[in-house]
Amino acid sequence: MSTSISSRALPVLVAGGGIGGVAAALALARQGLAVKVLEQAPQLGEIGAGIQLGPNAFAAFDALGIGELARGRAVYTDEMVMHDALDERLVGRIPTGEAFRARFGNPYAVIHRADIHTSLLEGARAHDNIETLTGTRIEAVQQEGDTVTVRDQHGCLHAGQALIGADGVKSVVRQQYVGDAARVSGHVVYRAVVEKNDFPEDLRWNAASIWVGPNYHLVHYPLRGGEQYNVVVTFHSREQEEWGVREGSREEVQSYYRDCCPRARQLIDLPKSWKRWATADREPIGQWSFGRATLLGDAAHPTLQYIAQGACMALEDAVTLGEALKRCGGDWPRALQLYERSRIARTARVVLSAREMGRIFHASGVERLVRNDLWKGRTPERFYDAMEWLYGWKAETCLAED
């Protein structure tokens, strides 16, 4: 083991207290390590709305010891369903009931981001070796020997035996070690949560539902026991976009959906307020670990939302990091290399697959007709076969072979 006695007395530093950061802290604390989480927001919490959880997310929850907490807050869907937003035609339907669970060992579900974060925090609070500092944004990283030191915006120094950069899509850790530019997609996402009583009765399906149209789509599904519904609309912007979040306007959304069928179009008239995300990802990279610092979650592999795997990948990262450290007996350089080797190809496939799925969703003209023919008559088993690489992830087999 290469860690000295002096550095082993230091905590592991985790930059970022979102889903990936808290999951990483929990994975490391379960290995008996002291962890210090540095979160720039004044308090821990999650913004956003609902997200979808594949079976791989539940496998990660179980490995982190919070499976029951997360399951108790999720809504279990009966199916994933796609309709054409121009003519209401059913494009594809994937049952997510008993046969799906039997195939993948876990369910498909939808959940509010805050409910995932709360479940992780409850798991973390069961460990007295996790310390959290809010209002703390890291600005620089320095490594010397087997110690990593970060400086925050107040000029305070935090020393650790390793640093996990889980500081999101605009990661300071990634900027220092990689320095690559974001790839702004030009796609804009509006997200809102609507109360059940305000949601159209004819769309109250227990399904992860998507309406796909030329250069746009709409998503809706139930949250919190069906008392709320998540509504997401995505379109190709006419403007030159910059990566970021701001308040949105109903008028802008409506202007992109003039040819949308009335049944789906009623979704965009529901929200009382919208949050507007101009989306981006980054090109996959072949190195995340630099000495005793590594990247995790969106800091490592920011992805577009089209296969609903951003949070799932961060959870997998956290579990894999913990497993790598266990296999390597606490040897950080070896463990980080194993973690990286176990994750890079898989997460790159997710990033690239999400881009391609965005193209399929937003097809127009003849491409739209091809898209609508793709899944015609396909059996559930064939859908499941195509999803095996993604949903079949297990903690027991998450590490690359030596």
# chains A, B, ... in the order shown; residues from 1 in each chain; ligands from 1

$ residues_around --residues "A:Arg265" --least-positions-apart "6" --cutoff "12 Å" --atoms "only C-alpha atoms" --output "number ranges by chain"
A: 84-88, 200, 203, 211-213, 216-220, 231-233, 253-259

$ residues_around --residues "A:Glu340" --least-positions-apart "6" --cutoff "9 Å" --atoms "only C-alpha atoms" --output "count of residues only"
7

$ closest_atom_pairs --of "stretch 213-322 of chain A" --to "stretch 385-392 of chain A" --cutoff "12 Å" --atoms "only C-alpha atoms" --output "JSON lines"
{"residue": "A:Ile307", "atom": "CA", "partner": "A:Leu390", "partner_atom": "CA", "distance": 9.9}
{"residue": "A:Ala308", "atom": "CA", "partner": "A:Leu390", "partner_atom": "CA", "distance": 11.0}
{"residue": "A:Gln309", "atom": "CA", "partner": "A:Leu390", "partner_atom": "CA", "distance": 9.1}
{"residue": "A:Cys312", "atom": "CA", "partner": "A:Tyr391", "partner_atom": "CA", "distance": 9.9}
{"residue": "A:Met313", "atom": "CA", "partner": "A:Leu390", "partner_atom": "CA", "distance": 9.9}
{"residue": "A:Glu316", "atom": "CA", "partner": "A:Leu390", "partner_atom": "CA", "distance": 11.2}

$ select_by_dssp --residues "stretch 21-211 of chain A" --states "strand (DSSP E or B)" --output "VMD selection string"
chain A and resid 35 to 38 50 to 53 75 to 76 79 to 84 90 to 95 109 to 112 130 to 133 138 to 144 147 to 152 157 to 160 162 to 165 183 to 195 207 to 211

$ select_by_dssp --residues "stretch 201-393 of chain A" --states "helix (DSSP H, G or I)" --output "PyMOL selection string"
chain A and resi 201-203+224-226+250-255+262-269+297-299+310-327+332-361+365-374+380-391

$ closest_residue --among "A:Asp269, A:Asp298, A:Val91, A:Arg246" --to "A:Phe361" --atoms "only C-alpha atoms"
A:Val91

$ residues_around --residues "A:Gln153" --least-positions-apart "2" --cutoff "7 Å" --atoms "only C-alpha atoms" --output "list of chain:residue names"
A:Thr136, A:Arg137, A:Ile138, A:Glu139, A:Arg151, A:Gly155

$ closest_residue --among "A:Leu296, A:Val193, A:Ala99, A:Val370" --to "A:Gly17" --atoms "only C-alpha atoms"
A:Leu296

$ residues_around --residues "A:Pro95" --least-positions-apart "5" --cutoff "8 Å" --atoms "only C-alpha atoms" --output "JSON, numbers by chain"
{"A": [78, 79, 80, 100, 380]}

$ write_last_selection --atoms "all heavy atoms" --output "mmCIF file, in the first residue's frame"
data_model
loop_
_atom_site.group_PDB
_atom_site.id
_atom_site.type_symbol
_atom_site.label_atom_id
_atom_site.label_comp_id
_atom_site.auth_asym_id
_atom_site.auth_seq_id
_atom_site.Cartn_x
_atom_site.Cartn_y
_atom_site.Cartn_z
ATOM 1 N N ASP A 78 -45.474 1.166 -15.905
ATOM 2 C CA ASP A 78 -45.891 -0.060 -16.566
ATOM 3 C C ASP A 78 -45.202 -0.245 -17.916
ATOM 4 O O ASP A 78 -45.087 -1.372 -18.407
ATOM 5 C CB ASP A 78 -47.408 -0.047 -16.807
ATOM 6 C CG ASP A 78 -48.196 -0.026 -15.515
ATOM 7 O OD1 ASP A 78 -47.736 -0.654 -14.538
ATOM 8 O OD2 ASP A 78 -49.261 0.627 -15.479
ATOM 9 N N GLU A 79 -44.772 0.880 -18.504
ATOM 10 C CA GLU A 79 -44.188 0.797 -19.838
ATOM 11 C C GLU A 79 -43.445 2.082 -20.171
ATOM 12 O O GLU A 79 -43.618 3.116 -19.515
ATOM 13 C CB GLU A 79 -45.279 0.551 -20.892
ATOM 14 C CG GLU A 79 -46.341 1.625 -20.916
ATOM 15 C CD GLU A 79 -47.508 1.286 -21.831
ATOM 16 O OE1 GLU A 79 -47.463 0.227 -22.481
ATOM 17 O OE2 GLU A 79 -48.453 2.088 -21.900
ATOM 18 N N MET A 80 -42.611 1.992 -21.193
ATOM 19 C CA MET A 80 -42.089 3.151 -21.897
ATOM 20 C C MET A 80 -42.820 3.204 -23.229
ATOM 21 O O MET A 80 -42.954 2.167 -23.899
ATOM 22 C CB MET A 80 -40.574 3.010 -22.123
ATOM 23 C CG MET A 80 -39.752 3.064 -20.855
ATOM 24 S SD MET A 80 -37.971 2.925 -21.194
ATOM 25 C CE MET A 80 -37.742 1.158 -21.010
ATOM 26 N N PHE A 100 -39.849 -7.578 -17.648
ATOM 27 C CA PHE A 100 -38.716 -6.654 -17.628
ATOM 28 C C PHE A 100 -37.901 -6.844 -16.344
ATOM 29 O O PHE A 100 -36.671 -6.970 -16.381
ATOM 30 C CB PHE A 100 -39.253 -5.222 -17.722
ATOM 31 C CG PHE A 100 -38.201 -4.144 -17.740
ATOM 32 C CD1 PHE A 100 -37.724 -3.640 -18.942
ATOM 33 C CD2 PHE A 100 -37.709 -3.603 -16.555
ATOM 34 C CE1 PHE A 100 -36.764 -2.628 -18.974
ATOM 35 C CE2 PHE A 100 -36.753 -2.595 -16.563
ATOM 36 C CZ PHE A 100 -36.286 -2.115 -17.780
ATOM 37 N N PRO A 380 -41.227 -7.403 -27.037
ATOM 38 C CA PRO A 380 -40.523 -6.907 -25.847
ATOM 39 C C PRO A 380 -39.146 -7.532 -25.687
ATOM 40 O O PRO A 380 -38.193 -6.848 -25.303
ATOM 41 C CB PRO A 380 -41.462 -7.298 -24.701
ATOM 42 C CG PRO A 380 -42.820 -7.312 -25.320
ATOM 43 C CD PRO A 380 -42.604 -7.830 -26.716
#

$ closest_residue --among "A:Leu325, A:Ala166, A:Leu374, A:Ala348" --to "A:Ile19" --atoms "only C-alpha atoms"
A:Ala166

$ residues_around --residues "A:Val189" --least-positions-apart "4" --cutoff "9 Å" --atoms "only C-alpha atoms" --output "JSON, numbers by chain"
{"A": [232, 233, 234, 235, 275, 276, 277, 278, 279]}

$ closest_atom_pairs --of "stretch 34-97 of chain A" --to "stretch 106-115 of chain A" --cutoff "10 Å" --atoms "only C-alpha atoms" --output "JSON lines"
{"residue": "A:Gly45", "atom": "CA", "partner": "A:Ala114", "partner_atom": "CA", "distance": 6.7}
{"residue": "A:Glu46", "atom": "CA", "partner": "A:Ala114", "partner_atom": "CA", "distance": 5.1}
{"residue": "A:Ile47", "atom": "CA", "partner": "A:Ala114", "partner_atom": "CA", "distance": 7.1}
{"residue": "A:Gly48", "atom": "CA", "partner": "A:Arg113", "partner_atom": "CA", "distance": 6.6}
{"residue": "A:Ala49", "atom": "CA", "partner": "A:His112", "partner_atom": "CA", "distance": 5.6}
{"residue": "A:Gly50", "atom": "CA", "partner": "A:His112", "partner_atom": "CA", "distance": 4.1}
{"residue": "A:Ile51", "atom": "CA", "partner": "A:Ile111", "partner_atom": "CA", "distance": 5.6}
{"residue": "A:Gln52", "atom": "CA", "partner": "A:Val110", "partner_atom": "CA", "distance": 4.4}
{"residue": "A:Leu53", "atom": "CA", "partner": "A:Ala109", "partner_atom": "CA", "distance": 5.2}
{"residue": "A:Gly54", "atom": "CA", "partner": "A:Tyr108", "partner_atom": "CA", "distance": 5.0}
{"residue": "A:Pro55", "atom": "CA", "partner": "A:Asn106", "partner_atom": "CA", "distance": 4.7}
{"residue": "A:Asn56", "atom": "CA", "partner": "A:Asn106", "partner_atom": "CA", "distance": 7.6}
{"residue": "A:Ala57", "atom": "CA", "partner": "A:Asn106", "partner_atom": "CA", "distance": 8.8}
{"residue": "A:Phe58", "atom": "CA", "partner": "A:Asn106", "partner_atom": "CA", "distance": 6.4}
{"residue": "A:Ala59", "atom": "CA", "partner": "A:Asn106", "partner_atom": "CA", "distance": 7.2}
{"residue": "A:Leu69", "atom": "CA", "partner": "A:Asp115", "partner_atom": "CA", "distance": 9.2}
{"residue": "A:Ala70", "atom": "CA", "partner": "A:Asp115", "partner_atom": "CA", "distance": 7.4}
{"residue": "A:Arg71", "atom": "CA", "partner": "A:Ala109", "partner_atom": "CA", "distance": 8.8}
{"residue": "A:Gly72", "atom": "CA", "partner": "A:Asp115", "partner_atom": "CA", "distance": 9.6}
{"residue": "A:Arg73", "atom": "CA", "partner": "A:Asp115", "partner_atom": "CA", "distance": 6.4}
{"residue": "A:Ala74", "atom": "CA", "partner": "A:Ile111", "partner_atom": "CA", "distance": 4.9}
{"residue": "A:Val75", "atom": "CA", "partner": "A:Val110", "partner_atom": "CA", "distance": 5.3}
{"residue": "A:Tyr76", "atom": "CA", "partner": "A:Ala109", "partner_atom": "CA", "distance": 4.4}
{"residue": "A:Thr77", "atom": "CA", "partner": "A:Ala109", "partner_atom": "CA", "distance": 5.6}
{"residue": "A:Asp78", "atom": "CA", "partner": "A:Tyr108", "partner_atom": "CA", "distance": 8.4}
{"residue": "A:Glu79", "atom": "CA", "partner": "A:Tyr108", "partner_atom": "CA", "distance": 8.4}
{"residue": "A:Met80", "atom": "CA", "partner": "A:Tyr108", "partner_atom": "CA", "distance": 9.0}
{"residue": "A:Pro95", "atom": "CA", "partner": "A:Tyr108", "partner_atom": "CA", "distance": 9.7}
{"residue": "A:Thr96", "atom": "CA", "partner": "A:Tyr108", "partner_atom": "CA", "distance": 6.2}
{"residue": "A:Gly97", "atom": "CA", "partner": "A:Pro107", "partner_atom": "CA", "distance": 7.5}

$ residues_around --residues "A:Glu242" --least-positions-apart "2" --cutoff "9 Å" --atoms "only C-alpha atoms" --output "PyMOL selection string"
chain A and resi 184+186+240+244+278-280

$ write_last_selection --atoms "all heavy atoms" --output "CSV table (one decimal), in the first residue's frame"
chain,number,residue,atom,x,y,z
A,184,VAL,N,-21.7,22.6,-27.1
A,184,VAL,CA,-23.1,23.1,-26.9
A,184,VAL,C,-23.9,22.5,-28.0
A,184,VAL,O,-23.6,22.6,-29.2
A,184,VAL,CB,-23.1,24.7,-26.9
A,184,VAL,CG1,-24.6,25.2,-26.8
A,184,VAL,CG2,-22.3,25.2,-25.8
A,186,GLY,N,-27.1,23.1,-29.0
A,186,GLY,CA,-28.2,23.9,-29.6
A,186,GLY,C,-29.6,23.4,-29.3
A,186,GLY,O,-30.6,24.0,-29.7
A,240,GLN,N,-28.4,31.3,-31.1
A,240,GLN,CA,-27.1,30.8,-30.8
A,240,GLN,C,-27.0,30.6,-29.2
A,240,GLN,O,-27.1,31.6,-28.5
A,240,GLN,CB,-26.0,31.8,-31.2
A,240,GLN,CG,-24.5,31.3,-30.9
A,240,GLN,CD,-24.2,30.2,-31.8
A,240,GLN,OE1,-24.5,30.1,-33.0
A,240,GLN,NE2,-23.4,29.2,-31.3
A,244,GLY,N,-26.2,26.9,-20.1
A,244,GLY,CA,-26.7,27.5,-18.9
A,244,GLY,C,-28.2,27.3,-18.6
A,244,GLY,O,-28.9,26.7,-19.4
A,278,ALA,N,-30.1,25.3,-21.6
A,278,ALA,CA,-29.4,25.2,-22.9
A,278,ALA,C,-28.4,24.1,-22.7
A,278,ALA,O,-27.5,24.2,-21.9
A,278,ALA,CB,-28.8,26.5,-23.3
A,279,THR,N,-28.5,23.0,-23.4
A,279,THR,CA,-27.8,21.7,-23.1
A,279,THR,C,-26.4,21.7,-23.8
A,279,THR,O,-26.2,22.2,-24.9
A,279,THR,CB,-28.6,20.5,-23.4
A,279,THR,OG1,-28.8,20.4,-24.8
A,279,THR,CG2,-29.9,20.5,-22.6
A,280,ALA,N,-25.6,20.9,-23.2
A,280,ALA,CA,-24.2,20.6,-23.8
A,280,ALA,C,-23.7,19.3,-23.2
A,280,ALA,O,-24.2,18.8,-22.2
A,280,ALA,CB,-23.3,21.7,-23.4

$ closest_residue --among "A:Ile94, A:Arg359, A:Gly322, A:Leu10" --to "A:Ala162" --atoms "only C-alpha atoms"
A:Leu10

$ atom_distance --atom1 "atom CA of A:His158" --atom2 "atom CA of A:Leu121"
22.1 Å

$ closest_residue --among "A:Leu304, A:Ala159, A:Ala314, A:Leu399" --to "A:His187" --atoms "only C-alpha atoms"
A:Leu304
